[in-house]
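Next comes coords.txt, with compact mmCIF, C-alpha atoms.
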# COMPACT_ATOMS: atom_id res chain seq x y z
CA MET A 1 91.59 129.80 88.62
CA GLU A 2 89.49 127.60 90.89
CA ARG A 3 91.31 125.12 93.10
CA ILE A 4 90.69 121.63 94.48
CA TYR A 5 91.64 121.02 98.10
CA ALA A 6 92.50 117.59 99.49
CA THR A 7 93.02 116.76 103.15
CA TYR A 8 95.39 113.93 104.06
CA LEU A 9 96.33 112.12 107.23
CA ILE A 10 100.05 111.40 106.90
CA GLU A 11 102.83 109.73 108.86
CA THR A 12 106.45 110.47 107.99
CA PRO A 13 110.00 110.14 109.39
CA LEU A 14 110.85 113.50 107.78
CA ALA A 15 110.00 117.00 108.82
CA VAL A 16 106.32 117.31 108.02
CA GLU A 17 106.76 120.41 105.86
CA GLN A 18 109.38 118.58 103.80
CA ALA A 19 107.13 115.53 103.31
CA ALA A 20 104.16 117.75 102.41
CA ALA A 21 106.25 119.57 99.80
CA MET A 22 107.25 116.20 98.31
CA LEU A 23 103.59 115.23 98.10
CA ALA A 24 102.69 118.46 96.34
CA GLY A 25 105.62 118.22 93.92
CA GLU A 26 105.07 114.54 93.01
CA GLN A 27 101.42 115.17 92.18
CA SER A 28 101.88 118.28 90.04
CA SER A 29 104.76 119.77 88.09
CA GLY A 30 107.72 118.39 90.03
CA THR A 31 109.88 115.28 90.04
CA PHE A 32 112.87 114.15 92.12
CA VAL A 33 115.18 116.58 90.31
CA ALA A 34 114.84 119.97 88.61
CA VAL A 35 114.14 119.64 84.90
CA PRO A 36 114.26 122.06 81.94
CA GLY A 37 110.91 123.66 81.24
CA GLU A 38 109.75 123.85 84.86
CA THR A 39 109.76 127.62 84.87
CA GLU A 40 108.65 129.84 87.71
CA GLU A 41 105.65 130.88 85.60
CA LEU A 42 104.67 127.23 85.08
CA LYS A 43 105.07 126.41 88.77
CA GLN A 44 103.04 129.45 89.76
CA ARG A 45 100.23 128.29 87.50
CA CYS A 46 100.27 124.52 87.92
CA ALA A 47 102.28 123.46 90.97
CA ALA A 48 100.30 122.06 93.88
CA ARG A 49 100.36 124.16 97.04
CA VAL A 50 100.62 123.04 100.64
CA GLU A 51 97.86 125.09 102.23
CA LYS A 52 97.82 123.95 105.85
CA ILE A 53 99.62 121.59 108.21
CA SER A 54 98.32 120.45 111.58
CA LEU A 55 100.67 118.38 113.72
CA LEU A 56 99.21 115.40 115.52
CA ASP A 57 100.99 112.73 117.58
CA SER A 58 104.24 110.92 116.88
CA VAL A 59 104.95 107.18 117.12
CA SER A 60 108.05 105.05 117.36
CA THR A 61 106.88 102.27 115.03
CA PRO A 62 105.93 103.02 111.39
CA SER A 63 102.44 102.06 110.30
CA LEU A 64 103.73 100.92 106.90
CA PRO A 65 107.14 99.59 105.88
CA GLY A 66 109.57 101.39 103.59
CA ALA A 67 111.33 104.11 105.55
CA LYS A 68 113.61 104.50 108.57
CA SER A 69 113.72 107.42 110.95
CA ALA A 70 116.98 108.98 112.09
CA SER A 71 115.25 110.22 115.23
CA GLY A 72 113.33 107.02 115.85
CA LYS A 73 110.06 108.96 115.57
CA PHE A 74 107.38 109.08 112.91
CA GLN A 75 105.32 112.24 112.93
CA ARG A 76 101.63 112.25 112.08
CA ALA A 77 99.83 115.29 110.74
CA GLU A 78 96.86 116.52 108.77
CA VAL A 79 97.95 118.22 105.57
CA VAL A 80 95.85 120.20 103.10
CA VAL A 81 97.13 120.45 99.53
CA SER A 82 95.48 122.26 96.63
CA TRP A 83 95.66 122.12 92.83
CA SER A 84 94.43 124.36 90.07
CA VAL A 85 91.47 122.89 88.20
CA GLU A 86 93.54 123.62 85.09
CA ASN A 87 95.76 120.66 85.97
CA MET A 88 93.12 117.99 85.40
CA GLY A 89 90.02 119.67 83.99
CA TYR A 90 86.69 117.94 84.53
CA ASN A 91 88.11 114.45 84.20
CA LEU A 92 87.32 112.02 87.00
CA PRO A 93 90.11 109.50 86.33
CA THR A 94 92.68 112.31 86.19
CA LEU A 95 91.24 113.85 89.35
CA VAL A 96 91.81 110.52 91.15
CA SER A 97 95.30 110.20 89.64
CA THR A 98 96.08 113.67 91.01
CA ILE A 99 94.72 113.45 94.54
CA GLN A 100 95.75 109.81 95.07
CA GLY A 101 97.90 108.38 92.29
CA ASN A 102 101.52 107.64 93.24
CA LEU A 103 101.22 109.12 96.72
CA TYR A 104 100.93 105.79 98.47
CA GLU A 105 104.25 104.65 97.06
CA ILE A 106 106.41 107.58 98.16
CA THR A 107 109.09 106.39 100.59
CA ALA A 108 108.73 109.53 102.68
CA PHE A 109 105.36 108.32 103.96
CA THR A 110 104.84 105.46 106.37
CA GLY A 111 101.14 106.29 106.34
CA LEU A 112 98.86 108.26 104.04
CA LYS A 113 95.09 108.42 103.79
CA LEU A 114 92.92 110.79 101.75
CA MET A 115 90.40 112.10 104.28
CA ASP A 116 88.32 114.49 102.19
CA VAL A 117 88.35 116.53 99.02
CA GLU A 118 86.83 119.98 98.50
CA LEU A 119 85.57 120.68 95.00
CA PRO A 120 84.73 124.10 93.53
CA PRO A 121 81.22 124.94 92.29
CA SER A 122 82.16 124.37 88.68
CA PHE A 123 82.43 120.61 89.35
CA ALA A 124 78.86 120.46 90.56
CA ASN A 125 77.81 122.46 87.51
CA HIS A 126 79.79 120.35 85.04
CA PHE A 127 78.71 116.88 86.23
CA SER A 128 75.04 115.99 86.17
CA GLY A 129 75.35 113.98 89.38
CA PRO A 130 72.69 111.61 90.74
CA LYS A 131 69.49 111.58 88.70
CA PHE A 132 67.37 110.18 91.54
CA GLY A 133 69.09 110.36 94.95
CA VAL A 134 66.88 110.28 98.03
CA ALA A 135 63.90 112.13 96.57
CA GLY A 136 63.82 110.19 93.31
CA THR A 137 64.18 106.82 94.98
CA ARG A 138 61.33 107.67 97.34
CA LYS A 139 59.20 108.66 94.35
CA LEU A 140 59.88 105.31 92.67
CA THR A 141 58.79 103.38 95.76
CA GLN A 142 56.02 105.77 96.87
CA VAL A 143 57.46 105.57 100.39
CA GLU A 144 57.62 108.68 102.56
CA GLY A 145 58.26 109.27 106.23
CA ARG A 146 60.10 106.03 106.96
CA PRO A 147 63.16 104.14 105.76
CA LEU A 148 62.91 102.01 102.66
CA ILE A 149 62.99 98.36 103.67
CA GLY A 150 65.06 96.18 101.39
CA THR A 151 66.66 92.79 101.08
CA ILE A 152 69.23 90.87 99.07
CA ILE A 153 68.37 87.67 97.28
CA LYS A 154 69.80 84.79 99.28
CA PRO A 155 71.25 82.28 98.57
CA SER A 156 73.48 84.74 96.74
CA ILE A 157 74.11 82.36 93.82
CA GLY A 158 72.73 79.04 92.64
CA MET A 159 69.02 79.72 92.20
CA SER A 160 67.33 79.65 88.80
CA PRO A 161 65.39 82.63 87.42
CA LYS A 162 62.14 80.81 88.23
CA GLN A 163 63.18 80.19 91.84
CA THR A 164 64.33 83.78 92.24
CA ALA A 165 61.06 85.13 90.84
CA ALA A 166 59.06 82.96 93.24
CA LEU A 167 60.96 84.49 96.18
CA VAL A 168 60.44 87.99 94.78
CA LYS A 169 56.69 87.29 94.70
CA VAL A 170 56.68 86.37 98.39
CA LEU A 171 58.64 89.50 99.29
CA ALA A 172 56.51 91.81 97.14
CA GLU A 173 53.32 90.50 98.70
CA ALA A 174 54.82 91.04 102.16
CA GLY A 175 55.27 94.75 101.39
CA ILE A 176 59.00 94.96 100.64
CA ASP A 177 60.16 98.22 99.05
CA PHE A 178 63.47 97.18 97.51
CA ILE A 179 65.19 93.95 96.42
CA LYS A 180 68.59 93.55 94.85
CA ASP A 181 70.83 90.97 93.29
CA ASP A 182 73.79 89.96 95.38
CA GLU A 183 77.03 91.42 94.06
CA LEU A 184 78.12 87.87 93.17
CA MET A 185 75.11 87.45 90.89
CA ALA A 186 75.54 88.97 87.42
CA ASN A 187 75.10 86.77 84.35
CA PRO A 188 75.92 83.17 85.35
CA GLN A 189 74.90 80.04 83.48
CA HIS A 190 72.42 78.99 86.14
CA SER A 191 70.64 82.37 85.97
CA PRO A 192 71.24 84.16 82.64
CA PHE A 193 70.67 87.89 82.98
CA ASP A 194 67.91 88.28 80.39
CA GLU A 195 65.98 85.27 81.69
CA ARG A 196 66.26 86.54 85.27
CA VAL A 197 65.00 89.99 84.29
CA ASP A 198 62.05 88.51 82.41
CA ALA A 199 61.03 86.24 85.28
CA ILE A 200 61.40 88.86 88.00
CA MET A 201 59.77 91.72 86.12
CA ARG A 202 56.72 89.61 85.29
CA VAL A 203 56.19 89.26 89.04
CA ILE A 204 56.94 92.91 89.84
CA ASN A 205 54.83 94.34 87.00
CA ASP A 206 51.92 92.05 87.87
CA HIS A 207 52.13 93.09 91.52
CA ALA A 208 52.22 96.76 90.52
CA ASP A 209 49.18 96.34 88.27
CA ARG A 210 47.23 94.76 91.14
CA THR A 211 48.34 96.98 94.01
CA GLY A 212 49.75 100.18 92.55
CA LYS A 213 53.06 99.61 94.36
CA LYS A 214 56.08 98.84 92.19
CA VAL A 215 58.89 97.20 94.08
CA ILE A 216 62.36 98.37 93.09
CA TYR A 217 64.59 95.53 91.96
CA ALA A 218 68.27 96.43 91.50
CA PHE A 219 69.61 94.13 88.78
CA ASN A 220 73.38 93.73 88.88
CA VAL A 221 74.53 94.93 85.46
CA SER A 222 78.25 94.93 86.39
CA ASP A 223 80.22 93.59 83.43
CA GLU A 224 82.32 94.80 80.51
CA LEU A 225 81.04 98.15 79.23
CA ASP A 226 79.14 96.89 76.17
CA ALA A 227 77.51 94.14 78.21
CA MET A 228 76.58 96.61 80.95
CA GLN A 229 74.82 98.81 78.42
CA ARG A 230 72.94 95.84 76.96
CA HIS A 231 71.87 94.70 80.41
CA TYR A 232 70.83 98.24 81.34
CA GLU A 233 68.68 98.52 78.21
CA LYS A 234 67.09 95.16 78.97
CA VAL A 235 66.03 96.38 82.41
CA VAL A 236 64.58 99.59 80.95
CA LYS A 237 62.61 97.73 78.25
CA SER A 238 61.26 95.31 80.85
CA GLY A 239 59.86 98.09 83.04
CA GLY A 240 62.58 97.99 85.70
CA THR A 241 63.57 101.02 87.71
CA CYS A 242 67.06 100.30 89.08
CA ALA A 243 70.46 98.88 88.16
CA MET A 244 73.23 97.89 90.52
CA LEU A 245 76.93 98.48 89.93
CA SER A 246 79.88 97.02 91.82
CA LEU A 247 81.64 100.36 91.81
CA ASN A 248 85.19 99.34 92.61
CA SER A 249 85.00 96.65 89.93
CA VAL A 250 83.65 98.72 87.02
CA GLY A 251 85.53 101.94 87.90
CA LEU A 252 84.58 105.61 87.71
CA SER A 253 84.45 105.82 83.93
CA GLY A 254 82.34 102.68 83.60
CA ALA A 255 79.97 103.81 86.33
CA LYS A 256 79.62 107.31 84.88
CA LYS A 257 78.86 105.91 81.42
CA ILE A 258 75.97 103.89 82.87
CA CYS A 259 74.78 106.65 85.20
CA ASP A 260 74.69 109.13 82.32
CA LEU A 261 72.04 107.02 80.57
CA GLY A 262 69.67 108.44 83.16
CA ALA A 263 66.65 106.11 82.93
CA LEU A 264 67.33 103.97 86.02
CA ALA A 265 68.27 104.71 89.60
CA ILE A 266 71.82 103.49 90.23
CA HIS A 267 72.50 101.39 93.31
CA GLY A 268 76.19 101.63 94.15
CA HIS A 269 77.70 98.62 95.90
CA ARG A 270 81.14 99.29 97.36
CA ASN A 271 82.36 95.67 97.68
CA GLY A 272 86.11 95.88 98.12
CA TRP A 273 85.77 98.82 100.49
CA GLY A 274 87.99 97.23 103.13
CA MET A 275 90.85 97.10 100.65
CA LEU A 276 90.60 100.89 100.35
CA ASN A 277 89.87 101.85 103.92
CA ARG A 278 90.50 99.22 106.58
CA HIS A 279 94.04 100.34 107.49
CA PRO A 280 93.81 103.54 109.56
CA LEU A 281 96.76 105.12 107.73
CA LEU A 282 96.26 103.92 104.18
CA GLY A 283 93.66 104.50 101.48
CA ILE A 284 90.65 106.80 101.43
CA GLU A 285 87.94 107.85 103.87
CA PHE A 286 84.26 107.74 102.96
CA PRO A 287 83.66 111.54 102.76
CA ALA A 288 86.11 111.73 99.84
CA TYR A 289 85.04 108.39 98.35
CA GLN A 290 81.34 109.24 98.13
CA LYS A 291 82.02 112.58 96.43
CA LEU A 292 83.73 110.83 93.53
CA TRP A 293 80.77 108.49 93.00
CA ARG A 294 78.26 111.33 93.33
CA LEU A 295 80.08 113.13 90.53
CA ALA A 296 79.76 109.95 88.47
CA GLY A 297 76.00 109.94 89.15
CA VAL A 298 75.39 107.17 91.70
CA ASP A 299 72.06 107.52 93.56
CA GLN A 300 72.41 105.01 96.41
CA LEU A 301 75.61 104.01 98.18
CA HIS A 302 76.42 101.33 100.75
CA VAL A 303 77.67 102.51 104.16
CA ASN A 304 77.63 99.28 106.25
CA GLY A 305 75.40 99.41 109.34
CA ILE A 306 75.30 99.69 113.11
CA ALA A 307 76.76 96.57 114.76
CA ASN A 308 77.58 95.27 111.27
CA LYS A 309 79.14 91.90 110.56
CA PHE A 310 82.34 93.46 109.26
CA TRP A 311 85.17 95.42 110.87
CA GLU A 312 83.84 98.97 110.51
CA SER A 313 82.97 100.87 113.69
CA ASP A 314 79.57 102.37 114.41
CA ASP A 315 81.11 105.85 114.51
CA SER A 316 82.48 105.36 110.99
CA VAL A 317 79.09 104.19 109.73
CA VAL A 318 77.37 107.25 111.22
CA ARG A 319 79.92 109.60 109.63
CA SER A 320 79.36 107.89 106.28
CA MET A 321 75.60 108.31 106.53
CA GLU A 322 76.03 111.98 107.38
CA ALA A 323 78.38 112.47 104.41
CA CYS A 324 75.68 111.25 102.01
CA ALA A 325 73.44 114.12 103.08
CA LYS A 326 75.98 116.93 102.77
CA PRO A 327 76.44 119.13 99.71
CA LEU A 328 79.12 118.15 97.25
CA CYS A 329 81.14 121.36 97.24
CA SER A 330 81.90 124.30 99.51
CA GLY A 331 82.98 126.76 96.86
CA THR A 332 85.58 128.19 99.26
CA GLY A 333 88.21 125.57 99.97
CA VAL A 334 90.60 125.77 102.92
CA PRO A 335 92.33 129.11 103.61
CA PRO A 336 96.10 128.99 103.05
CA VAL A 337 98.61 129.44 105.87
CA GLN A 338 102.16 130.74 105.78
CA LEU A 339 104.44 127.70 105.91
CA ASP A 340 107.28 129.72 107.39
CA ASP A 341 105.20 130.48 110.49
CA PRO A 342 106.08 127.87 113.14
CA LYS A 343 102.72 128.36 114.83
CA SER A 344 100.94 127.16 111.72
CA PHE A 345 102.32 123.65 112.22
CA ASN A 346 100.48 123.35 115.52
CA ALA A 347 97.16 124.61 114.27
CA SER A 348 93.92 122.98 115.32
CA PRO A 349 92.96 119.94 113.22
CA VAL A 350 91.60 120.73 109.79
CA LYS A 351 87.84 120.60 109.71
CA ASN A 352 85.69 119.70 106.74
CA ALA A 353 85.04 123.08 105.15
CA SER A 354 81.90 121.90 103.39
CA LEU A 355 79.74 120.97 106.38
CA ASP A 356 77.79 124.20 106.72
CA ARG A 357 78.35 125.81 103.32
CA ARG A 358 75.15 124.91 101.46
CA ASP A 359 74.86 128.51 100.29
CA ALA A 360 78.39 128.54 98.89
CA CYS A 361 77.58 126.85 95.63
CA PRO A 362 74.48 126.57 93.46
CA THR A 363 72.01 123.78 94.04
CA THR A 364 72.59 120.98 91.54
CA ASN A 365 71.95 117.26 91.37
CA CYS A 366 75.48 116.81 92.70
CA ASP A 367 74.47 118.62 95.87
CA ALA A 368 71.25 116.64 96.34
CA PRO A 369 71.56 113.97 99.04
CA ILE A 370 72.23 110.42 97.95
CA LEU A 371 70.56 107.51 99.71
CA PRO A 372 72.75 105.71 102.26
CA VAL A 373 72.30 101.94 102.09
CA VAL A 374 72.55 100.42 105.56
CA SER A 375 73.50 96.75 105.30
CA SER A 376 75.91 93.99 106.35
CA GLY A 377 74.48 91.70 109.00
CA GLN A 378 71.42 93.85 109.71
CA TRP A 379 68.19 92.70 111.30
CA GLY A 380 65.45 94.75 112.89
CA GLY A 381 67.12 95.09 116.26
CA GLN A 382 69.77 97.53 115.00
CA ALA A 383 67.08 99.98 113.85
CA CYS A 384 66.70 101.51 117.31
CA GLU A 385 70.37 102.37 117.67
CA THR A 386 70.60 103.48 114.03
CA PHE A 387 67.85 106.03 114.52
CA ARG A 388 69.17 107.13 117.92
CA ARG A 389 72.58 107.86 116.38
CA THR A 390 71.44 109.49 113.13
CA LYS A 391 67.92 110.84 113.70
CA THR A 392 67.07 110.22 110.05
CA VAL A 393 64.76 107.93 108.12
CA ASP A 394 66.29 108.89 104.77
CA LEU A 395 67.99 105.55 104.25
CA LEU A 396 67.58 102.14 102.66
CA TYR A 397 67.66 99.51 105.40
CA MET A 398 68.88 96.29 103.82
CA ALA A 399 68.61 92.94 105.57
CA GLY A 400 69.46 89.72 103.75
CA GLY A 401 69.57 86.99 106.35
CA GLY A 402 67.69 89.31 108.72
CA ILE A 403 64.64 88.91 106.48
CA MET A 404 65.23 85.59 104.74
CA ALA A 405 66.05 83.67 107.93
CA HIS A 406 63.18 84.99 110.07
CA PRO A 407 61.64 82.06 112.00
CA ASP A 408 58.27 82.62 110.33
CA GLY A 409 59.66 83.12 106.83
CA PRO A 410 60.67 86.05 104.60
CA ALA A 411 57.25 87.72 104.66
CA ALA A 412 57.32 87.85 108.44
CA GLY A 413 60.87 89.16 108.17
CA VAL A 414 59.68 92.14 106.12
CA ARG A 415 56.87 92.93 108.54
CA SER A 416 59.26 92.60 111.47
CA LEU A 417 61.64 95.20 110.02
CA GLN A 418 58.78 97.60 109.41
CA LYS A 419 57.67 97.26 113.03
CA TRP A 420 61.23 97.63 114.35
CA TRP A 421 61.51 100.95 112.53
CA GLU A 422 58.19 102.13 113.93
CA ALA A 423 59.59 101.39 117.39
CA ALA A 424 62.87 103.10 116.56
CA VAL A 425 61.16 106.32 115.51
CA GLU A 426 59.15 106.17 118.74
CA GLY A 427 62.47 106.45 120.52
CA LEU A 428 62.42 102.95 122.00
CA THR A 429 65.50 100.91 122.74
CA LEU A 430 65.79 97.33 121.48
CA GLU A 431 64.72 96.01 124.88
CA GLN A 432 61.77 98.42 125.14
CA ALA A 433 60.60 97.61 121.61
CA ALA A 434 60.68 93.86 122.22
CA ALA A 435 58.74 94.32 125.45
CA LYS A 436 56.11 96.55 123.85
CA TYR A 437 55.58 94.61 120.62
CA SER A 438 55.26 90.87 121.16
CA GLU A 439 55.75 90.12 117.43
CA LEU A 440 59.35 91.30 117.71
CA LYS A 441 60.37 88.70 120.28
CA LYS A 442 60.94 85.97 117.68
CA SER A 443 63.47 88.05 115.80
CA VAL A 444 65.29 88.84 119.06
CA GLU A 445 65.42 85.14 119.88
CA LYS A 446 66.72 84.34 116.38
CA PHE A 447 69.17 87.16 115.73
CA GLY A 448 69.85 88.84 119.05
CA LYS A 449 72.83 86.69 120.02
CA ILE A 450 74.36 86.31 116.55
CA LYS A 451 77.70 88.11 116.28

Represent the structure of the file as structure tokens.
Amino acid sequence: MERIYATYLIETPLAVEQAAAMLAGEQSSGTFVAVPGETEELKQRCAARVEKISLLDSVSTPSLPGAKSASGKFQRAEVVVSWSVENMGYNLPTLVSTIQGNLYEITAFTGLKLMDVELPPSFANHFSGPKFGVAGTRKLTQVEGRPLIGTIIKPSIGMSPKQTAALVKVLAEAGIDFIKDDELMANPQHSPFDERVDAIMRVINDHADRTGKKVIYAFNVSDELDAMQRHYEKVVKSGGTCAMLSLNSVGLSGAKKICDLGALAIHGHRNGWGMLNRHPLLGIEFPAYQKLWRLAGVDQLHVNGIANKFWESDDSVVRSMEACAKPLCSGTGVPPVQLDDPKSFNASPVKNASLDRRDACPTTNCDAPILPVVSSGQWGGQACETFRRTKTVDLLYMAGGGIMAHPDGPAAGVRSLQKWWEAAVEGLTLEQAAAKYSELKKSVEKFGKIK
């Protein structure tokens, strides 16, 4: 039977092997006491297994409250646990309940974060995955060889459909590739969804008829399920090409239901991400997070950006962008170790087994790269460092204020971002780009000192 492997960063006042066994038991067949019916045959088939433990450092102060240490020390470690696919089947909510679930509440842990999850090939074969991803989104925009340049409608709320459409017209004529609703904009009284779609798509369809370029507009369809489906159908009937979902708000099942409709590219906004990730020893890391949404079928996923306006480090942003390009599954998992071997507890840190295993599972939509959405306080000046760190142009570079607040207006903001990315691909630094291209100096003067 195929197995799912999850890697955790843990902190515990107990012996690590004892804490790991508690984790495995709580999330499979066990409870706090032996019960009738938990036979050896059942445990052999369905109990979770601790596959590998790698000791890290120890600390004297717990990261989270809830437990005391007799020794005064709290040990940190990387732990790999596996489950038979039989336990949850191909059921995304049950998968999450298994690999996360009650774990964060167990007293034995003063820190626990899901770092990654390895899925067998059958998952990639069972779920249809992203319908568009990088390649499909590029096809919709007819943009190749450079990042897609996008923006968010600002002000985020308050404008009427007519006012929003007028701004979309300016942006389309400036050569924008992608525009989206803010996550706060869904179906408010001042801008009813159907009226907003009608007004915006008249502008976009007219521009496409005249120029041959159809700007993607990601309408925020996030709502109750029936309303989401109605909004989705409205976008399709109006000639739209993209819908946006606030993923943490609508949940995996809601997102998958919309993704499965298959007619629109799905722009996944991760608002609420800090709640899941900001604490270094609580929550989930992006490599695991993005795999769940790829299974659901999301095509584009926010990753923050270099020198972003939030708390996330540049290194974390780069790792997130890289994760979007990696295959979904390894097909091999993490090799087990003997837990009675003391040397195994001081093994080298667990590495992501999927990084170089593209040949380990069949090519499916789940394995196709999804488009990382670089956003959060971006303007053109971060393009140079973004390209230096990632060496890729397969991304959607989103600037809200960085376009809308350009000294010469939104149209100049679009052109500025395009030129910044030309300079970035040339290998220029921010300072070199501003010196070489005089039109970039205004954006440096406007945004360069904003923290």

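Distances from A:Ala434, A:Val250, A:Ile99, A:Ala186 to Trp420 in chain A were compared using all atoms listed in the file, and the smallest one belongs to A:Ala434.
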
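Closest approach to Pro147 in chain A from the set A:Ile403, A:Val221, A:Ala411, A:Leu396 is made by A:Leu396, with distances taken over only C-alpha atoms.
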
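Between CA of Ala424 in chain A and CA of Lys436 in chain A there is a distance of 11.9 Å.
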
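Remark: for Gly72 in chain A, the closest of the candidate residues A:Thr12, A:Thr211, A:Thr107, A:Gln418 is A:Thr12 (distances computed over only C-alpha atoms).
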
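If you measure from each of A:Gly111, A:Gly272, A:Gly240, A:Pro280 to Tyr217 in chain A using only C-alpha atoms, the closest one turns out to be A:Gly240.
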
Show which residues sit within 9 Å of range 425-429 of chain A, as a list in words. Count all atoms listed in the file, and ignore same-chain residues fewer than 3 positions away.
Arg146, Gly381, Ala383, Cys384, Glu385, Phe387, Arg388, Lys391, Thr392, Val393, Trp420, Trp421, Glu422, Gln432, Ala433 and Ala434 of chain A

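CA of Asn277 in chain A lies 25.2 Å from CA of Glu17 in chain A.
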
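In this model, the gap between CA of Glu2 in chain A and CA of Ile258 in chain A comes to 28.4 Å.
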
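Distances here use all atoms listed in the file; by that measure, the residue among A:Glu285, A:Asp181, A:Asp367, A:Asp209 closest to Gly400 in chain A is A:Asp181.
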
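Residue nearest Lys446 in chain A within the list A:Gly305, A:Gly413, A:Pro188, A:Gly145: A:Gly413 [criterion: smallest interatomic distance, only C-alpha atoms].
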
Export range 276-290 of chain A, C-alpha atoms, as a compact mmCIF listing (two decimals), in the first residue's frame; it's the structure right above.
# COMPACT_ATOMS: atom_id res chain seq x y z
CA LEU A 276 -0.72 29.72 9.50
CA ASN A 277 2.98 30.41 9.18
CA ARG A 278 4.33 33.44 11.01
CA HIS A 279 5.41 31.61 14.18
CA PRO A 280 8.60 29.65 13.41
CA LEU A 281 7.39 26.62 15.41
CA LEU A 282 3.69 26.56 14.64
CA GLY A 283 1.59 25.96 11.54
CA ILE A 284 2.63 24.95 8.03
CA GLU A 285 5.43 25.81 5.63
CA PHE A 286 4.75 26.82 2.03
CA PRO A 287 6.11 23.63 0.34
CA ALA A 288 3.37 21.60 2.06
CA TYR A 289 0.74 24.33 1.74
CA GLN A 290 1.08 24.75 -2.02
